[in-house]
$ cat final_9.txt   # compact mmCIF, N, CA, C and O atoms
# COMPACT_ATOMS: atom_id res chain seq x y z
N MET A 1 170.31 99.91 28.86
CA MET A 1 170.28 101.09 28.03
C MET A 1 168.83 101.42 27.70
O MET A 1 168.07 100.54 27.30
N ARG A 2 168.48 102.69 27.86
CA ARG A 2 167.12 103.12 27.51
C ARG A 2 166.95 102.94 26.01
O ARG A 2 167.78 103.37 25.21
N THR A 3 165.89 102.26 25.63
CA THR A 3 165.63 101.91 24.24
C THR A 3 164.19 102.26 23.88
O THR A 3 163.29 102.06 24.68
N MET A 4 164.01 102.80 22.67
CA MET A 4 162.66 103.00 22.17
C MET A 4 162.41 101.98 21.07
O MET A 4 163.22 101.85 20.15
N MET A 5 161.34 101.25 21.22
CA MET A 5 160.92 100.30 20.20
C MET A 5 159.75 100.90 19.44
O MET A 5 158.78 101.36 20.04
N MET A 6 159.87 100.92 18.12
CA MET A 6 158.74 101.26 17.27
C MET A 6 158.28 99.94 16.65
O MET A 6 159.06 99.26 15.98
N CYS A 7 157.06 99.57 16.93
CA CYS A 7 156.50 98.30 16.47
C CYS A 7 155.31 98.59 15.56
O CYS A 7 154.26 99.03 16.03
N GLN A 8 155.51 98.38 14.26
CA GLN A 8 154.42 98.57 13.30
C GLN A 8 153.80 97.21 13.03
O GLN A 8 154.47 96.27 12.60
N MET A 9 152.50 97.12 13.30
CA MET A 9 151.79 95.85 13.26
C MET A 9 151.04 95.69 11.94
O MET A 9 150.31 96.58 11.51
N ASP A 10 151.24 94.55 11.31
CA ASP A 10 150.56 94.22 10.07
C ASP A 10 149.04 94.31 10.26
O ASP A 10 148.50 93.75 11.22
N THR A 11 148.37 95.03 9.37
CA THR A 11 146.94 95.26 9.53
C THR A 11 146.14 93.95 9.54
O THR A 11 145.29 93.74 10.41
N GLU A 12 146.40 93.07 8.59
CA GLU A 12 145.63 91.82 8.50
C GLU A 12 145.83 90.96 9.75
O GLU A 12 144.87 90.46 10.34
N LYS A 13 147.10 90.78 10.16
CA LYS A 13 147.38 89.95 11.34
C LYS A 13 146.81 90.58 12.61
O LYS A 13 146.32 89.88 13.49
N THR A 14 146.87 91.91 12.70
CA THR A 14 146.33 92.58 13.88
C THR A 14 144.81 92.50 13.88
O THR A 14 144.20 92.31 14.93
N ASN A 15 144.18 92.62 12.71
CA ASN A 15 142.73 92.43 12.64
C ASN A 15 142.34 91.04 13.12
O ASN A 15 141.36 90.87 13.86
N GLU A 16 143.11 90.02 12.72
CA GLU A 16 142.84 88.66 13.18
C GLU A 16 142.99 88.56 14.70
O GLU A 16 142.17 87.91 15.36
N ALA A 17 144.00 89.23 15.25
CA ALA A 17 144.20 89.20 16.71
C ALA A 17 143.06 89.92 17.43
O ALA A 17 142.60 89.46 18.48
N ILE A 18 142.58 91.01 16.85
CA ILE A 18 141.45 91.73 17.45
C ILE A 18 140.20 90.86 17.40
O ILE A 18 139.51 90.68 18.40
N ASN A 19 139.92 90.31 16.22
CA ASN A 19 138.72 89.48 16.06
C ASN A 19 138.79 88.20 16.90
O ASN A 19 137.76 87.69 17.32
N GLY A 20 140.00 87.70 17.14
CA GLY A 20 140.17 86.51 17.97
C GLY A 20 140.33 86.84 19.45
O GLY A 20 140.64 85.96 20.25
N ASP A 21 140.15 88.12 19.80
CA ASP A 21 140.25 88.58 21.19
C ASP A 21 141.62 88.24 21.80
O ASP A 21 141.72 87.87 22.96
N ARG A 22 142.70 88.40 20.98
CA ARG A 22 144.05 88.09 21.44
C ARG A 22 144.96 89.31 21.52
O ARG A 22 146.03 89.25 22.14
N LEU A 23 144.57 90.43 20.91
CA LEU A 23 145.47 91.59 20.86
C LEU A 23 145.82 92.09 22.25
O LEU A 23 146.99 92.37 22.54
N ASP A 24 144.84 92.19 23.13
CA ASP A 24 145.12 92.67 24.48
C ASP A 24 146.14 91.77 25.17
O ASP A 24 147.09 92.26 25.80
N ALA A 25 146.01 90.47 25.04
CA ALA A 25 146.95 89.54 25.68
C ALA A 25 148.35 89.68 25.08
O ALA A 25 149.35 89.62 25.80
N ILE A 26 148.43 89.88 23.77
CA ILE A 26 149.73 90.05 23.11
C ILE A 26 150.42 91.31 23.63
O ILE A 26 151.62 91.28 23.97
N LEU A 27 149.68 92.41 23.70
CA LEU A 27 150.27 93.66 24.16
C LEU A 27 150.59 93.62 25.66
O LEU A 27 151.62 94.14 26.09
N ARG A 28 149.74 92.97 26.45
CA ARG A 28 150.04 92.83 27.89
C ARG A 28 151.30 92.00 28.09
O ARG A 28 152.13 92.30 28.97
N SER A 29 151.47 90.98 27.30
CA SER A 29 152.67 90.15 27.40
C SER A 29 153.92 90.97 27.08
O SER A 29 154.95 90.86 27.76
N LEU A 30 153.83 91.82 26.06
CA LEU A 30 154.94 92.72 25.73
C LEU A 30 155.25 93.63 26.92
O LEU A 30 156.40 93.76 27.32
N MET A 31 154.23 94.23 27.49
CA MET A 31 154.43 95.14 28.63
C MET A 31 155.04 94.41 29.82
O MET A 31 155.90 94.94 30.51
N ASP A 32 154.63 93.16 30.04
CA ASP A 32 155.19 92.37 31.13
C ASP A 32 156.67 92.06 30.87
O ASP A 32 157.48 92.03 31.81
N ARG A 33 157.05 91.83 29.61
CA ARG A 33 158.43 91.51 29.27
C ARG A 33 159.35 92.72 29.41
O ARG A 33 160.49 92.57 29.86
N VAL A 34 158.88 93.91 29.03
CA VAL A 34 159.78 95.08 29.00
C VAL A 34 159.58 96.06 30.15
O VAL A 34 160.43 96.90 30.37
N ARG A 35 158.46 95.97 30.86
CA ARG A 35 158.16 96.91 31.95
C ARG A 35 158.50 98.34 31.52
O ARG A 35 159.47 98.94 31.98
N PRO A 36 157.73 98.91 30.60
CA PRO A 36 158.13 100.16 29.96
C PRO A 36 158.07 101.39 30.88
O PRO A 36 157.27 101.46 31.80
N GLU A 37 158.94 102.32 30.56
CA GLU A 37 158.92 103.65 31.15
C GLU A 37 157.73 104.42 30.58
O GLU A 37 157.10 105.21 31.27
N ALA A 38 157.45 104.18 29.30
CA ALA A 38 156.32 104.82 28.61
C ALA A 38 155.92 103.95 27.43
O ALA A 38 156.75 103.25 26.85
N ALA A 39 154.64 104.00 27.09
CA ALA A 39 154.13 103.28 25.91
C ALA A 39 153.02 104.11 25.30
O ALA A 39 152.11 104.55 26.00
N TYR A 40 153.12 104.33 24.00
CA TYR A 40 152.11 105.10 23.26
C TYR A 40 151.72 104.33 22.02
O TYR A 40 152.54 103.60 21.44
N PHE A 41 150.48 104.51 21.61
CA PHE A 41 149.95 103.78 20.45
C PHE A 41 149.31 104.77 19.50
O PHE A 41 148.64 105.72 19.94
N GLY A 42 149.51 104.56 18.22
CA GLY A 42 148.91 105.45 17.21
C GLY A 42 149.04 104.81 15.84
O GLY A 42 149.27 103.60 15.72
N ALA A 43 148.89 105.63 14.83
CA ALA A 43 149.02 105.17 13.45
C ALA A 43 150.20 105.87 12.80
O ALA A 43 150.39 107.07 12.97
N MET A 44 151.00 105.09 12.07
CA MET A 44 152.13 105.65 11.32
C MET A 44 152.24 104.89 10.02
O MET A 44 152.19 103.66 10.01
N ASP A 45 152.37 105.62 8.94
CA ASP A 45 152.46 105.00 7.61
C ASP A 45 151.27 104.08 7.34
O ASP A 45 151.41 103.04 6.70
N GLY A 46 150.11 104.42 7.89
CA GLY A 46 148.91 103.63 7.67
C GLY A 46 148.85 102.33 8.45
O GLY A 46 148.04 101.47 8.15
N MET A 47 149.72 102.20 9.45
CA MET A 47 149.76 100.96 10.24
C MET A 47 149.59 101.27 11.72
O MET A 47 150.03 102.32 12.19
N ARG A 48 148.95 100.36 12.45
CA ARG A 48 148.90 100.46 13.90
C ARG A 48 150.35 100.40 14.40
O ARG A 48 151.10 99.51 14.00
N THR A 49 150.70 101.34 15.27
CA THR A 49 152.08 101.44 15.69
C THR A 49 152.16 101.66 17.20
O THR A 49 151.40 102.46 17.75
N ALA A 50 153.09 100.96 17.83
CA ALA A 50 153.37 101.15 19.25
C ALA A 50 154.76 101.76 19.38
O ALA A 50 155.69 101.36 18.68
N PHE A 51 154.88 102.73 20.29
CA PHE A 51 156.16 103.33 20.65
C PHE A 51 156.36 103.01 22.13
O PHE A 51 155.60 103.48 22.97
N VAL A 52 157.36 102.22 22.43
CA VAL A 52 157.55 101.73 23.79
C VAL A 52 158.98 102.04 24.22
O VAL A 52 159.94 101.67 23.54
N VAL A 53 159.12 102.75 25.35
CA VAL A 53 160.43 103.10 25.89
C VAL A 53 160.68 102.23 27.11
O VAL A 53 159.86 102.18 28.03
N PHE A 54 161.81 101.54 27.12
CA PHE A 54 162.12 100.61 28.20
C PHE A 54 163.63 100.49 28.36
O PHE A 54 164.40 100.95 27.52
N ASP A 55 164.06 99.85 29.45
CA ASP A 55 165.48 99.63 29.71
C ASP A 55 165.88 98.27 29.14
O ASP A 55 165.38 97.24 29.59
N MET A 56 166.76 98.30 28.15
CA MET A 56 167.30 97.06 27.57
C MET A 56 168.53 96.70 28.38
O MET A 56 169.58 97.32 28.25
N GLU A 57 168.38 95.73 29.26
CA GLU A 57 169.47 95.35 30.16
C GLU A 57 170.53 94.49 29.47
O GLU A 57 171.69 94.49 29.86
N ASP A 58 170.10 93.74 28.45
CA ASP A 58 170.99 92.77 27.81
C ASP A 58 170.53 92.58 26.37
O ASP A 58 169.34 92.38 26.12
N PRO A 59 171.45 92.64 25.40
CA PRO A 59 171.05 92.44 24.00
C PRO A 59 170.35 91.10 23.76
O PRO A 59 169.59 90.95 22.81
N ALA A 60 170.59 90.12 24.62
CA ALA A 60 169.92 88.82 24.47
C ALA A 60 168.42 88.92 24.69
O ALA A 60 167.69 87.98 24.39
N GLN A 61 167.94 90.07 25.18
CA GLN A 61 166.50 90.29 25.34
C GLN A 61 165.81 90.50 24.00
O GLN A 61 164.60 90.33 23.91
N VAL A 62 166.55 90.87 22.96
CA VAL A 62 165.92 91.21 21.68
C VAL A 62 165.01 90.09 21.17
O VAL A 62 163.84 90.36 20.87
N PRO A 63 165.46 88.84 21.07
CA PRO A 63 164.54 87.81 20.59
C PRO A 63 163.34 87.60 21.51
O PRO A 63 162.21 87.40 21.04
N VAL A 64 163.56 87.68 22.81
CA VAL A 64 162.47 87.48 23.77
C VAL A 64 161.40 88.55 23.58
O VAL A 64 160.20 88.28 23.66
N ILE A 65 161.83 89.78 23.31
CA ILE A 65 160.90 90.90 23.13
C ILE A 65 160.26 90.86 21.75
O ILE A 65 159.05 91.03 21.62
N CYS A 66 161.06 90.62 20.72
CA CYS A 66 160.58 90.81 19.35
C CYS A 66 159.92 89.59 18.71
O CYS A 66 158.96 89.76 17.95
N GLU A 67 160.40 88.40 18.97
CA GLU A 67 159.88 87.22 18.27
C GLU A 67 158.37 87.04 18.39
O GLU A 67 157.70 86.76 17.40
N PRO A 68 157.77 87.20 19.59
CA PRO A 68 156.31 87.05 19.66
C PRO A 68 155.58 88.06 18.76
O PRO A 68 154.55 87.73 18.16
N LEU A 69 156.13 89.26 18.64
CA LEU A 69 155.49 90.28 17.80
C LEU A 69 155.66 89.96 16.32
O LEU A 69 154.75 90.17 15.51
N PHE A 70 156.83 89.45 15.95
CA PHE A 70 157.03 89.00 14.58
C PHE A 70 156.06 87.87 14.24
O PHE A 70 155.40 87.88 13.20
N MET A 71 155.98 86.89 15.13
CA MET A 71 155.20 85.69 14.86
C MET A 71 153.69 85.94 14.91
O MET A 71 152.96 85.42 14.07
N GLU A 72 153.23 86.73 15.87
CA GLU A 72 151.80 86.90 16.05
C GLU A 72 151.20 88.06 15.27
O GLU A 72 150.02 88.02 14.92
N LEU A 73 152.01 89.11 15.01
CA LEU A 73 151.46 90.30 14.35
C LEU A 73 152.20 90.66 13.07
O LEU A 73 151.91 91.69 12.47
N ASN A 74 153.15 89.83 12.65
CA ASN A 74 153.94 90.12 11.47
C ASN A 74 154.49 91.56 11.55
O ASN A 74 154.42 92.32 10.60
N ALA A 75 154.99 91.91 12.74
CA ALA A 75 155.40 93.28 13.03
C ALA A 75 156.72 93.64 12.36
O ALA A 75 157.58 92.79 12.13
N ARG A 76 156.85 94.94 12.08
CA ARG A 76 158.12 95.54 11.70
C ARG A 76 158.61 96.28 12.93
O ARG A 76 157.91 97.15 13.45
N ILE A 77 159.80 95.96 13.40
CA ILE A 77 160.28 96.51 14.66
C ILE A 77 161.59 97.25 14.44
O ILE A 77 162.49 96.76 13.77
N THR A 78 161.66 98.43 15.05
CA THR A 78 162.88 99.23 15.08
C THR A 78 163.23 99.47 16.54
O THR A 78 162.37 99.89 17.32
N LEU A 79 164.48 99.19 16.91
CA LEU A 79 164.97 99.45 18.26
C LEU A 79 166.02 100.55 18.19
O LEU A 79 166.98 100.44 17.42
N ILE A 80 165.82 101.61 18.99
CA ILE A 80 166.68 102.78 18.93
C ILE A 80 167.16 103.13 20.34
O ILE A 80 166.31 103.33 21.23
N PRO A 81 168.48 103.23 20.58
CA PRO A 81 168.94 103.73 21.87
C PRO A 81 168.51 105.20 21.99
O PRO A 81 168.68 105.97 21.04
N VAL A 82 167.94 105.59 23.12
CA VAL A 82 167.46 106.95 23.31
C VAL A 82 167.90 107.48 24.67
O VAL A 82 168.28 106.73 25.56
N MET A 83 167.84 108.82 24.80
CA MET A 83 168.21 109.48 26.04
C MET A 83 167.09 110.43 26.46
O MET A 83 166.36 110.93 25.62
N ASN A 84 167.02 110.69 27.77
CA ASN A 84 166.16 111.76 28.24
C ASN A 84 167.04 113.01 28.40
O ASN A 84 168.25 112.98 28.13
N GLY A 85 166.44 114.10 28.83
CA GLY A 85 167.19 115.36 28.95
C GLY A 85 168.39 115.26 29.88
O GLY A 85 169.46 115.81 29.59
N ASP A 86 168.23 114.58 31.00
CA ASP A 86 169.35 114.41 31.94
C ASP A 86 170.50 113.64 31.30
O ASP A 86 171.67 113.98 31.50
N ASP A 87 170.18 112.60 30.53
CA ASP A 87 171.22 111.82 29.86
C ASP A 87 171.99 112.69 28.87
O ASP A 87 173.22 112.60 28.77
N VAL A 88 171.28 113.54 28.12
CA VAL A 88 171.93 114.41 27.14
C VAL A 88 172.87 115.38 27.86
O VAL A 88 174.03 115.55 27.46
N ARG A 89 172.39 116.01 28.95
CA ARG A 89 173.23 116.95 29.69
C ARG A 89 174.48 116.26 30.23
O ARG A 89 175.59 116.79 30.14
N THR A 90 174.32 115.06 30.78
CA THR A 90 175.46 114.31 31.31
C THR A 90 176.44 113.98 30.19
O THR A 90 177.65 114.17 30.32
N GLY A 91 175.93 113.49 29.08
CA GLY A 91 176.80 113.12 27.95
C GLY A 91 177.54 114.30 27.37
O GLY A 91 178.74 114.22 27.09
N VAL A 92 176.85 115.42 27.20
CA VAL A 92 177.50 116.63 26.67
C VAL A 92 178.55 117.12 27.66
O VAL A 92 179.65 117.53 27.27
N GLY A 93 178.23 117.08 28.96
CA GLY A 93 179.20 117.48 29.96
C GLY A 93 180.46 116.62 29.91
O GLY A 93 181.58 117.13 30.01
N ARG A 94 180.28 115.33 29.74
CA ARG A 94 181.44 114.43 29.62
C ARG A 94 182.24 114.71 28.37
O ARG A 94 183.46 114.68 28.37
N PHE A 95 181.54 115.00 27.28
CA PHE A 95 182.22 115.32 26.02
C PHE A 95 183.06 116.59 26.19
O PHE A 95 184.21 116.64 25.79
N LEU A 96 182.46 117.62 26.80
CA LEU A 96 183.16 118.89 26.96
C LEU A 96 184.36 118.78 27.89
O LEU A 96 185.34 119.51 27.74
N SER A 97 184.32 117.87 28.87
CA SER A 97 185.42 117.75 29.81
C SER A 97 186.49 116.75 29.36
O SER A 97 187.48 116.56 30.04
N SER A 98 186.26 116.12 28.21
CA SER A 98 187.26 115.14 27.74
C SER A 98 188.35 115.79 26.92
O SER A 98 188.32 116.86 26.47
$ encode --input "final_9.txt" --output "structure tokens"
Amino acid sequence: MRTMMMCQMDTEKTNEAINGDRLDAILRSLMDRVRPEAAYFGAMDGMRTAFVVFDMEDPAQVPVICEPLFMELNARITLIPVMNGDDVRTGVGRFLSS
């Protein structure tokens, strides 16, 4: 299922990761685990935030994806099932024909 993860990273822990030259490795590891369709980074609510869209093949992936971010960056993570335009059209078509 296409999933969007919003990962808000604790400022103090992320500063430590930057100063320890570990942030790049942490984010690369995340990208290797999820192989994202898209990934964007910015600030939200005064926190460094990543928006990552990927295919969640199995709910058992949640700990594998999230635990390193919780442990290393004290992250707040939200996982949201999302659709692209084609998915919406298909779903609406199925709804209308049911």
$ residues_around --input "final_9.txt" --residues "stretch 24-41 of chain A" --least-positions-apart "5" --cutoff "7 Å" --atoms "only C-alpha atoms" --output "list in words"
Thr49, Ala50, Phe51, Val52, Val53, Phe54 and Ile65 of chain A
$ select_by_dssp --input "final_9.txt" --residues "chain A" --states "alpha helix (DSSP H)" --output "MDAnalysis selection string"
chainID A and resid 11:19 23:34 61:73 85:97
$ atom_distance --input "final_9.txt" --atom1 "atom O of A:Glu72" --atom2 "atom C of A:Ala60"
20.9 Å
$ atom_distance --input "final_9.txt" --atom1 "atom CA of A:Gln61" --atom2 "atom CA of A:Met5"
12.6 Å
$ atom_distance --input "final_9.txt" --atom1 "atom CA of A:Gly20" --atom2 "atom CA of A:Thr78"
26.2 Å
$ closest_residue --input "final_9.txt" --among "A:Thr3, A:Thr90, A:Thr11, A:Pro59" --to "A:Leu73" --atoms "all atoms listed in the file"
A:Thr11
$ axis_aligned_box --input "final_9.txt" --around "stretch 11-30 of chain A" --padding-each-side "6 Å" --output "AutoDock Vina command-line options"
--center_x 147.1 --center_y 90.6 --center_z 18.7 --size_x 30.6 --size_y 21.3 --size_z 32.5
$ select_by_dssp --input "final_9.txt" --residues "chain A" --states "strand (DSSP E)" --output "ChimeraX atom specification"
/A:2-9,38-44,47-55,76-81
$ residues_around --input "final_9.txt" --residues "A:Met47" --least-positions-apart "6" --cutoff "7 Å" --atoms "only C-alpha atoms" --output "JSON list (two decimals) with N, CA, C and O atoms, keeping the file's coordinate frame"
[["chain", "number", "residue", "atom", "x", "y", "z"],
["A", 8, "GLN", "N", 155.51, 98.38, 14.26],
["A", 8, "GLN", "CA", 154.42, 98.57, 13.30],
["A", 8, "GLN", "C", 153.80, 97.21, 13.03],
["A", 8, "GLN", "O", 154.47, 96.27, 12.60],
["A", 9, "MET", "N", 152.50, 97.12, 13.30],
["A", 9, "MET", "CA", 151.79, 95.85, 13.26],
["A", 9, "MET", "C", 151.04, 95.69, 11.94],
["A", 9, "MET", "O", 150.31, 96.58, 11.51],
["A", 10, "ASP", "N", 151.24, 94.55, 11.31],
["A", 10, "ASP", "CA", 150.56, 94.22, 10.07],
["A", 10, "ASP", "C", 149.04, 94.31, 10.26],
["A", 10, "ASP", "O", 148.50, 93.75, 11.22],
["A", 11, "THR", "N", 148.37, 95.03, 9.37],
["A", 11, "THR", "CA", 146.94, 95.26, 9.53],
["A", 11, "THR", "C", 146.14, 93.95, 9.54],
["A", 11, "THR", "O", 145.29, 93.74, 10.41]]
$ build_atoms --input "final_9.txt" --residues "stretch 8-19 of chain A" --atoms "all heavy atoms" --output "compact mmCIF listing (two decimals), in the coordinates of the input"
# COMPACT_ATOMS: atom_id res chain seq x y z
N GLN A 8 155.51 98.38 14.26
CA GLN A 8 154.42 98.57 13.30
C GLN A 8 153.80 97.21 13.03
O GLN A 8 154.47 96.27 12.60
CB GLN A 8 154.94 99.21 12.03
CG GLN A 8 155.39 100.65 12.28
CD GLN A 8 155.78 101.34 11.01
OE1 GLN A 8 156.81 101.04 10.43
NE2 GLN A 8 154.94 102.27 10.59
N MET A 9 152.50 97.12 13.30
CA MET A 9 151.79 95.85 13.26
C MET A 9 151.04 95.69 11.94
O MET A 9 150.31 96.58 11.51
CB MET A 9 150.79 95.80 14.43
CG MET A 9 151.46 95.89 15.78
SD MET A 9 150.30 96.22 17.12
CE MET A 9 150.74 97.91 17.51
N ASP A 10 151.24 94.55 11.31
CA ASP A 10 150.56 94.22 10.07
C ASP A 10 149.04 94.31 10.26
O ASP A 10 148.50 93.75 11.22
CB ASP A 10 150.96 92.81 9.64
CG ASP A 10 150.25 92.36 8.40
OD1 ASP A 10 150.62 92.81 7.31
OD2 ASP A 10 149.30 91.54 8.53
N THR A 11 148.37 95.03 9.37
CA THR A 11 146.94 95.26 9.53
C THR A 11 146.14 93.95 9.54
O THR A 11 145.29 93.74 10.41
CB THR A 11 146.42 96.20 8.43
OG1 THR A 11 147.12 97.44 8.53
CG2 THR A 11 144.93 96.44 8.55
N GLU A 12 146.40 93.07 8.59
CA GLU A 12 145.63 91.82 8.50
C GLU A 12 145.83 90.96 9.75
O GLU A 12 144.87 90.46 10.34
CB GLU A 12 146.01 91.04 7.25
CG GLU A 12 145.17 89.80 7.04
CD GLU A 12 145.52 89.09 5.73
OE1 GLU A 12 145.81 89.78 4.73
OE2 GLU A 12 145.48 87.86 5.73
N LYS A 13 147.10 90.78 10.16
CA LYS A 13 147.38 89.95 11.34
C LYS A 13 146.81 90.58 12.61
O LYS A 13 146.32 89.88 13.49
CB LYS A 13 148.88 89.73 11.49
CG LYS A 13 149.50 88.91 10.40
CD LYS A 13 149.15 87.46 10.51
CE LYS A 13 150.13 86.77 11.40
NZ LYS A 13 149.95 85.33 11.49
N THR A 14 146.87 91.91 12.70
CA THR A 14 146.33 92.58 13.88
C THR A 14 144.81 92.50 13.88
O THR A 14 144.20 92.31 14.93
CB THR A 14 146.82 94.04 13.95
OG1 THR A 14 148.25 94.04 13.89
CG2 THR A 14 146.38 94.71 15.25
N ASN A 15 144.18 92.62 12.71
CA ASN A 15 142.73 92.43 12.64
C ASN A 15 142.34 91.04 13.12
O ASN A 15 141.36 90.87 13.86
CB ASN A 15 142.22 92.64 11.21
CG ASN A 15 142.21 94.09 10.79
OD1 ASN A 15 142.35 95.00 11.60
ND2 ASN A 15 142.06 94.32 9.49
N GLU A 16 143.11 90.02 12.72
CA GLU A 16 142.84 88.66 13.18
C GLU A 16 142.99 88.56 14.70
O GLU A 16 142.17 87.91 15.36
CB GLU A 16 143.81 87.67 12.52
CG GLU A 16 143.57 87.45 11.04
CD GLU A 16 144.65 86.61 10.39
OE1 GLU A 16 145.49 86.00 11.11
OE2 GLU A 16 144.69 86.56 9.15
N ALA A 17 144.00 89.23 15.25
CA ALA A 17 144.20 89.20 16.71
C ALA A 17 143.06 89.92 17.43
O ALA A 17 142.60 89.46 18.48
CB ALA A 17 145.54 89.84 17.07
N ILE A 18 142.58 91.01 16.85
CA ILE A 18 141.45 91.73 17.45
C ILE A 18 140.20 90.86 17.40
O ILE A 18 139.51 90.68 18.40
CB ILE A 18 141.20 93.07 16.73
CG1 ILE A 18 142.35 94.06 17.05
CG2 ILE A 18 139.86 93.67 17.13
CD1 ILE A 18 142.34 95.31 16.18
N ASN A 19 139.92 90.31 16.22
CA ASN A 19 138.72 89.48 16.06
C ASN A 19 138.79 88.20 16.90
O ASN A 19 137.76 87.69 17.32
CB ASN A 19 138.49 89.14 14.58
CG ASN A 19 138.05 90.35 13.79
OD1 ASN A 19 137.39 91.25 14.31
ND2 ASN A 19 138.43 90.41 12.52
